[in-house]
Structure formats: structure tokens, C-alpha cells
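Colleague: Sending over a structure as C-alpha cells; questions will come in a sec.
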There are 2 protein chains.
Amino acid sequence: MKPEKFYPDTIKKALQQDPPGEWMPYVPEGCIRLSSGYPDPALVPSQQLKGAVSTLLDEEQDLPLHYIGSPRIDSLKAFILARQEERGFPAKEEDVLITSGACQAIDLIARILLDESSVVVVEAPTYMEALEIFKNYTNQIISIPIDKKGMQVEELAKLLATRQEQGLPKPKLVYTIPTFQNPTGTTMSVERRMQLLALAEQYDFLVLEDDAYGELAFYQSPKALKALDQNERVFYVGSLSKVVAPGMRIGWISAASEFIQTLSWFKKDLDHPFSHASMSALLETINYKDRLHQLNNRYQEKCQVMLKALETYLPDSVTWYIPKGGYFVWVRIPGSDTSKLLTKASQAGVSYLPGEFFFMNQEEGKEYLRLSFSYESEGQIEKGIKLLGSIL
Amino acid sequence: MKPEKFYPDTIKKALQQDPPGEWMPYVPEGCIRLSSGYPDPALVPSQQLKGAVSTLLDEEQDLPLHYIGSPRIDSLKAFILARQEERGFPAKEEDVLITSGACQAIDLIARILLDESSVVVVEAPTYMEALEIFKNYTNQIISIPIDKKGMQVEELAKLLATRQEQGLPKPKLVYTIPTFQNPTGTTMSVERRMQLLALAEQYDFLVLEDDAYGELAFYQSPKALKALDQNERVFYVGSLSKVVAPGMRIGWISAASEFIQTLSWFKKDLDHPFSHASMSALLETINYKDRLHQLNNRYQEKCQVMLKALETYLPDSVTWYIPKGGYFVWVRIPGSDTSKLLTKASQAGVSYLPGEFFFMNQEEGKEYLRLSFSYESEGQIEKGIKLLGSIL
């Protein structure tokens with residue numbers, strides 16, 4: 001059996017461009033996981049969820065176990081609409097589609113917008129899973145570099161002008177994580193946000209705003225990019241993975257209702273009543289604002305421990321951005337090859353994600369690595385950075 | 001904002017061919033739901049699930065709430081492998097991909113195999129959601145009629161021979177529900193199963209076996225079609241929706257590992273750890289064979305009540321297949337238009353699914369309707385059929 005002969009050309013091309021396989025580096029048992037973008041285990045509300053599921057099944061019995069019928073599914077939508085209000089834009093019920101986390105959201109948006117003729121713009125570096133998704137649809141992916149104020153929108157403006165002069169196709173979609181970006185932790189300035197939306201209008205493209213970390217602010221969260229969107233050009237993607245628990249798989253898309261209708265038509269896994277109703281029951285037992293406050297205090301403390309350890313244990317040549325939220329510190333070790341270095345680091349007992357995963361052109365990521373302060377305890381974070389320092 | 005201008009041609013065509021919207025007929029409050037393919041509420045193990053989730057979260061704490069890490073996710077795979085053994089074919093771990101129910105399974109298979117140049121064969125009638133899915137990829141869908149021994153494979157053989165003579169493209173995929181079919185309740189004979197696989201070899205096509213009802217046998221379940229598959233031509237799709245609970249969204253694909261690898265690469269909703277681990281914890285508390293036995297006794301009793309009521313209350317001209325398993329009775333009312341009749345039926349207080357939903361050529365379904373005996377109680381089933389009789 002040769003499966004290839006049955007695949008359409010688009011699937012063959014996608015598989016050639018990006019062959020399936022294990023892409024995450026192996027983390028040996030016992031390693032300090034500065035690689036994992038997981039929430040802090042102590043902040044995952046497993047005991048509260050236990051109580052919530054118990055209440056749910058006592059009150060609703062079989063309802064959340066059918067295809068439809070649980071009233072708590074409607075409450076989850078209402079909760080999401082309230083979050084959108086907080087992020088600076090009011091959304092109506094028909095503007096929102098609940099998805100299985102941000103990944104399915106990004107894939108669905110790609111599915112209804114992209115084919116091999118489409119040009120997509122991403123940040124460099126960017127969320128590796130989004131790159132994987134876009135590569136399933138097109139090989140025309142252009143990277144725009146990031147600095148401490150987020151995507152260098154001026155560079156995008158130049159690129160768009162040049163492409164227009166040269167008669168090259170316009171991008172259809174720009175993917176950005178404007179707030180507490182993965183992997184850099186940077187936040188796009190308001191000026192750049194305004195400029196990005198003006199360019200979207202001028203060159204007639206759409207924007208995918210990935211806001212998975214938007215509420216994880218140490219000080220204050222900037223409003224969402226979509227809050228500035230006057231012309232329905234932004235697909236906003238939200239997620240409860242980083243603020244509640246990734247294993248529940250709750251994300252969503254907010255966009256113009258016409259887009260939501262199409263996205264919903266191509267979302268063929270139906271909805272997830274038990275997961276949605278359980279999350280909804282959990283949220284009933286949580287004061288969400290207090291929870292955000294608690295999360296952000298804890299993550300800020302852990303981030304400071306990491307930053308202090310970086311100052312203490314790493315050579316002076318090593319640099320990083322100072323994040324104001326999110327899960328990550330993006331580190332540059334000049335002259336290094338972080339993929340090669342990972343073997344040594346793992347043997348020493350600490351893991352990270354090498355920079356190459358976050359770039360279309362992997363070579364650009366050679367000197368970089370992503371550290372996560374979310375998952376491990378303060379003690380382990382300090383120990384991990386010390387180990388990293390010891391092998392440099 | 002005109003969304004259409006941003007859609008690729010394939011998406012535009014799919015939307016033209018099959019515009020989004022509410023497709024399920026509205027069921028007024030208080031109606032007896034002979035339309036719903038839901039399990040019997042009394043057979044949905046909500047209290048057992050409550051205990052299982054409690055055990056899960058006490059024992060594993062945050063583990064099932066991260067992206068990976070819960071040992072019970074592995075146990076779910078092991079359970080599925082044991083089910084495959086029971087259905088007549090041993091499968092290895094790398095041959096199985098867990099999906100969000102059968103719908104996501106069918107959509108993923110369509111996604112890696114079909115484009116607008118592909119020809120798909122379906123049964124007439126067939127599962128309406130599968131039709132919706134295939135129409136998102138191609139408009140070349142050919143129907144082969146069903147009789148009481150399942151798909152008329154002889155007709156498929158003729159069609160294939162004719163198309164070959166005429167130089168028309170070969171089908172790439174044949175979709176079948178060989179056991180306790182939705183909507184007809186029929187089961188494909190062993191002879192036809194053998195012939196279908198021989199044709200697959202001769203004309204080099206693949207088969208999608210939807211086995212959502214395969215274990216719901218009043219007497220004995222025939223082995224899966226895949227149990228006869230010598231050449232890895234069959235994608236087997238299983239589901240726990242009908243035997244445990246649809247709201248958990250657990251289905252799977254068994255196929256050659258090369259296909260599974262590709263399917264997995266295009267499945268971008270990641271996995272659903274909480275749902276998978278909860279199901280796994282639930283299955284630990286259930287004797288699955290006893291459960292099947294109990295389900296099948298109950299559904300057989302309910303089916304018999306429905307068949308007796310049909311005999312008693314419906315005109316002699318009305319006919320149906322006698323199911324040996326599954327959830328449905330497929331009824332023909334000669335000279336009727338079941339879509340028009342539904343308004344009267346709903347007003348009288350009973351709902352069903354009109355035949356037109358189950359055919360590519362909706363006109364063919366005009367005289368048919370699907371009744372479900374799974375959801376309502378015996379008393380309601382009898383009352384519902386009596387109401388149906390009263391409006392004929």
C-alpha cells in the first residue's frame with residue numbers, strides 16, 4: 001500500500017514541504033522543563049473542577065453528555081462575550097465560534113482563507129504550531145522581524161509597497177500575536193497596531209490576532225488589536241488554555257458573523273458538550289478577575305526569579321527581552337547553535353526550546369532559545385538557569 | 001465587508017453547493033422526538049462519570065488538564081485496540097488515531113484524500129452529516145442504492161465497469177455503514193462485503209467503513225468489514241457516541257499506519273486530554289461487555305415496541321425494514337411527501353427526520369422517513385407512532 005498515490009496534489013505538496021514526525025525535542029525524564037508552555041500545576045484548578053463536574057452532573061444529569069441540550073454551553077458563550085468586552089470590543093453571540101483551543105481556531109481560519117496561491121505574513125519568530133498549520137495550505141509565507149515593540153510594521157509597509165511595485169500578489173492574511181508574544185514576550189505598540197490596521201485597509205488583507213496570552217499581564221493588559229478594528233478585518237483568537245487549563249481544549253474565534261458562519265460550516269468535529277459544560281460549571285465557582293490577579297502575581301514572581309538567575313548565571317554577552325506578561329523569556333546567546341547546545345543542556349538536566357522552531361527560515365533562530373517560567377517552581381527555575389549557565 | 005472575495009475557489013464552490021444554515025428540522029418543545037439519534041437518557045452513565053472524574057482528578061490532579069501527561073490517555077488507546085480485536089481485526093497502536101467523534105474522523109479522511117477532481121461513492125440513503133462533509137470537498141458524489149442486504153454492490157460493480165468503458169475517472173473512496181446502517185438499519189451481507197473489497201482491489205479505490213452502530217446488535221454482531229480487508233484498503237471509523245455518550249466526543253480511525261500518520265498531521269485540534277482521560281476513567285468502572293448486553297436488550301425492547309406500534313397504527317401500505325441492531329427504523333409511506341408531512345406531525349406532537357436529508361438527490365427520499373427508537377421511552381414511542389398514524 002502506497003498511500004501517496006491517493007493524496008491530492010495539495011496534500012502531497014504539504015507533506016513534502018513539512019513531513020510528519022515528532023517535532024518537539026525529546027525531554028529526558030527528570031529534566032527541568034523550561035521548554036514547556038504549560039501552566040503552573042499549582043495554578044491548575046483540578047480540585048475545583050472536580051466539584052464543578054459533580055455539580056454539573058447532579059444538576060443536569062445526561063444533558064451535557066448528548067450532542068446538544070446543556071444550558072451551561074450557553075453560559076460558556078456568555079462568559080466569552082464578557083471576556084471580549086474586557087479586551088476592548090463588544091461581540092455578539094453570532095460573532096463567536098468556540099473551538100478546540102487556539103490551534104483549531106487558526107487551522108479553521110486558514111482552511112477557509114488559504115490555498116496554494118495565498119500569501120501569508122507571520123512574525124519572525126512566531127508560534128511554531130501556527131507555522132505548521134499555514135504550511136499545510138501554502139508555501140508562500142513571508143516573515144517580518146520582531147523587536148521589543150512587536151512586529152516591525154514599518155518593514156511590512158515597505159514589503160507591501162515593493163510587492164505592489166513588482167506586481168507580486170498581495171498577502172491575504174497577516175498572523176500576529178500582538179500581546180505578550182510567543183516566543184518573545186514582546187507587545188506591539190499602539191502606533192504599530194494602528195499602522196497595521198491602516199495597511200490592512202490600504203492593501204485589503206485580513207489579520208489573525210492570536211491573543212492566547214492577552215490577559216496574562218504583570219501590570220496592565222493593552223486592549224486587543226481587534227478593539228481598534230473599525231472594518232471587521234481582524235479574526236480574534238482567544239483561549240482558556242493559559243488562564244485555566246489546556247487539557248479542556250477551549251478556544252474561540254471572534255470575527256464578522258459572515259465569517260463565523262463559514263468557519264462553523266467547515267468545523268466538522270461538532271461541539272464538545274461535556275468539556276464546554278464542565279468549563280462553564282468551573283467558571284461559576286471561580287471569581288475570574290481574582291484568578292487573573294493571582295495568576296499574574298505568581299507568574300510575575302516566577303519571571304523575576306528567572307530574570308535574576310539569567311543576570312546571575314549567564315555570560316554578559318547573553319541578552320533577552322524583559323516580558324511584561326505571558327509565559328516566556330526569549331534569549332539570545334551570540335555565536336551559539338542552540339539546537340546543538342540542547343543535547344548538552346538535557347544531559348545537564350535542563351530543557352528549553354531552540355530558536356529554530358519559531359522561524360520559517362530556521363537558520364535565523366540559531367542563536368536564540370525560548371525559556372518558559374510558567375511551569376516549574378521558583379527553585380527549579382533558578383536551578384535550571386544555573387545549569388544552563390554551567391554549560392555555556 | 002464581503003467575505004466571499006477572500007475565499008479560495010474550493011471554498012466558494014463548497015459554499016455554493018451547500019450553503020451554511022440550520023439544516024436540522026425544528027422540533028417544537030414537547031414534541032416526542034423520534035427524530036433524535038441520541039442514546040436513551042437512562043442509559044447515559046452520568047452518575048458513573050461523576051465518580052470517575054472524581055477518581056481521575058484525585059489520582060492524577062493536574063495531569064489530565066495539561067496538553068499531555070495523563071496515563072489514562074494511553075489506557076483509552078488500549079481500550080480501543082481491544083474493541084478492534086472484538087470487531088475482528090487486530091490493530092496496533094500506530095494504526096489508530098483518536099478523533100472528536102465519527103464526524104471529525106470522516107472529515108479528516110476526506111481532507112487527506114479528496115479534492116474537486118475526486119469521485120466519492122455513497123449509499124442511498126446514507127448518514128446526512130457524511131454527505132455534508134463530502135460536499136465540502138467535491139461535487140462528484142455517486143449514490144448506490146441500499147436494499148435489505150445493505151449497499152447493492154452489484155450495482156456498484158456495473159457502475160465501475162461502465163465508467164471504465166467510458167473512460168470516466170475511477171472513484172477514490174467508497175463510504176459505507178455496513179452494519180446497522182444509518183438510516184436504514186440494514187446490514188451488508190458477507191457476500192457483498194467480499195465483493196466490495198474485491199472491487200476495491202480491482203479498481204484501486206479505498207473504503208471508509210463507518211461502524212458507529214457495529215456493537216449495537218440485538219442478536220449477534222457481524223465482524224467489521226475491515227476484518228475481511230487483506231490489503232489495507234479500509235479506513236475503519238469507530239465511535240463511543242452511541243454506546244457511551246456523544247457529548248464526550250470520542251471516535252477513532254483505524255487504518256494503515258502511513259495513513260494514520262498523515263491524518264494525525266492534519267488534525268490540528270490537538271488531543272482532548274480531559275475528555276479522553278475522563279472516558280478512560282469511566283471505562284475502568286464499567287464492565288463493557290455487560291454494558292453492551294444491557295444496551296442491546298433495552299434497545300431491542302424499544303425497537304419491538306416501535307415495530308408493533310407501526311403494525312398497529314399505520315396504514316397497510318406503509319413498509320419498513322426490520323432492524324437487527326442500531327437506533328433506527330426506516331419507513332416508506334408510498335405517495336407521501338415526508339418533508340411536508342413533518343409540519344403536520346410536529347403540530348400533532350411527534351417528530352422524525354424526513355428522508356430527503358439522507359440522499360444526494362433529495363427527491364429520492366420523498367416517501368421515506370427515519371424513526372429513532374433509542375431516545376424516547378416505550379410509552380412515548382407508542383404514543384408517537386399513534387400520533388403519526390393519526391395524521392396519515
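Residues in the C-alpha cells are numbered from 1 in each chain, the chains being A, B, ... in the order shown, and ligands are numbered from 1 in the order shown.
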Between chain A and chain B, at 6 Å or less, what are the per-residue closest atom pairs and their distances in Å? Count only C-alpha atoms, order by chain and rising residue number, and return it as JSON lines.
Modeller:
```
{"residue": "A:Tyr7", "atom": "CA", "partner": "B:Leu113", "partner_atom": "CA", "distance": 5.0}
{"residue": "A:Pro20", "atom": "CA", "partner": "B:Trp265", "partner_atom": "CA", "distance": 5.9}
{"residue": "A:Pro41", "atom": "CA", "partner": "B:Asp62", "partner_atom": "CA", "distance": 5.9}
{"residue": "A:Ser46", "atom": "CA", "partner": "B:Asp62", "partner_atom": "CA", "distance": 5.6}
{"residue": "A:Lys50", "atom": "CA", "partner": "B:Ser54", "partner_atom": "CA", "distance": 5.6}
{"residue": "A:Ser54", "atom": "CA", "partner": "B:Lys50", "partner_atom": "CA", "distance": 5.6}
{"residue": "A:Gln61", "atom": "CA", "partner": "B:Ser46", "partner_atom": "CA", "distance": 5.7}
{"residue": "A:Asp62", "atom": "CA", "partner": "B:Ser46", "partner_atom": "CA", "distance": 5.6}
{"residue": "A:Leu65", "atom": "CA", "partner": "B:Gly247", "partner_atom": "CA", "distance": 3.9}
{"residue": "A:His66", "atom": "CA", "partner": "B:Gly247", "partner_atom": "CA", "distance": 4.6}
{"residue": "A:Tyr67", "atom": "CA", "partner": "B:Gly247", "partner_atom": "CA", "distance": 5.2}
{"residue": "A:Ser100", "atom": "CA", "partner": "B:Asp269", "partner_atom": "CA", "distance": 5.5}
{"residue": "A:Cys103", "atom": "CA", "partner": "B:Asp269", "partner_atom": "CA", "distance": 5.6}
{"residue": "A:Gln104", "atom": "CA", "partner": "B:Asp269", "partner_atom": "CA", "distance": 4.4}
{"residue": "A:Leu113", "atom": "CA", "partner": "B:Tyr7", "partner_atom": "CA", "distance": 5.0}
{"residue": "A:Ala245", "atom": "CA", "partner": "B:Leu65", "partner_atom": "CA", "distance": 5.5}
{"residue": "A:Pro246", "atom": "CA", "partner": "B:His66", "partner_atom": "CA", "distance": 5.3}
{"residue": "A:Gly247", "atom": "CA", "partner": "B:Leu65", "partner_atom": "CA", "distance": 3.9}
{"residue": "A:Met248", "atom": "CA", "partner": "B:Phe274", "partner_atom": "CA", "distance": 5.6}
{"residue": "A:Trp265", "atom": "CA", "partner": "B:Pro20", "partner_atom": "CA", "distance": 5.9}
{"residue": "A:Lys268", "atom": "CA", "partner": "B:Gln104", "partner_atom": "CA", "distance": 5.5}
{"residue": "A:Asp269", "atom": "CA", "partner": "B:Gln104", "partner_atom": "CA", "distance": 4.4}
{"residue": "A:Pro273", "atom": "CA", "partner": "B:Gly247", "partner_atom": "CA", "distance": 4.9}
{"residue": "A:Phe274", "atom": "CA", "partner": "B:Gly247", "partner_atom": "CA", "distance": 5.3}
```
Colleague: Excluding Phe134 (chain B) and residues on its chain fewer than 3 positions from it, collect all residues at most 8 Å away from it, counting only C-alpha atoms, and give them as a ChimeraX atom specification.
Modeller: /B:107,110,120,130-131,137-139,141
Colleague: Can you work out which one of A:Leu34, A:Asp211, A:Gly251, A:Tyr175 has the shortest atom-to-atom distance to Glu376 (chain A), counting only C-alpha atoms?
Modeller: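 Closest to Glu376 (chain A) of all the choices is A:Leu34.
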Colleague: Name all residues at most 9 Å from Glu93 (chain B) (count only C-alpha atoms; drop same-chain ones fewer than 6 positions away) and give them as a list in words.
Modeller: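 The residues that qualify are Lys77, Ala78, Leu81 and Ser257 of chain B.
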Colleague: Could you list, as a count of residues only, every residue within 9 Å of Phe89 (chain A), counting only C-alpha atoms and ignoring same-chain residues fewer than 3 positions away?
Modeller: 9
Colleague: Can you check which residues of region 107-173 of chain B DSSP gives as alpha helix (DSSP H) on the backbone and send them as an MDAnalysis selection string?
Modeller: chainID B and resid 107:113 128:135 153:165
Colleague: Just the residues within 9 Å of Ala212 (chain A), please, counting only C-alpha atoms, with nothing from its chain fewer than 5 positions along; format it as a list in words.
Modeller: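 Answer for this query is Ala102, Ile177, Thr179, Phe180, Gln181, Val237, Gly238, Ser239, Leu240, Ser241, Lys242, Val243, Gly251 and Gly326 of chain A.
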Colleague: What's the 8 Å shell around region 329-333 of chain B, counting only C-alpha atoms, without same-chain residues fewer than 5 positions away, as a ChimeraX atom specification?
Modeller: /B:183-185,317-323,367-373
Colleague: Between A:Ala161, A:Glu123, A:Asn361, A:Glu209, which residue has the minimum interatomic distance to Ile144 (chain A), considering only C-alpha atoms?
Modeller: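 For Ile144 (chain A), the nearest of the candidates is A:Glu123.
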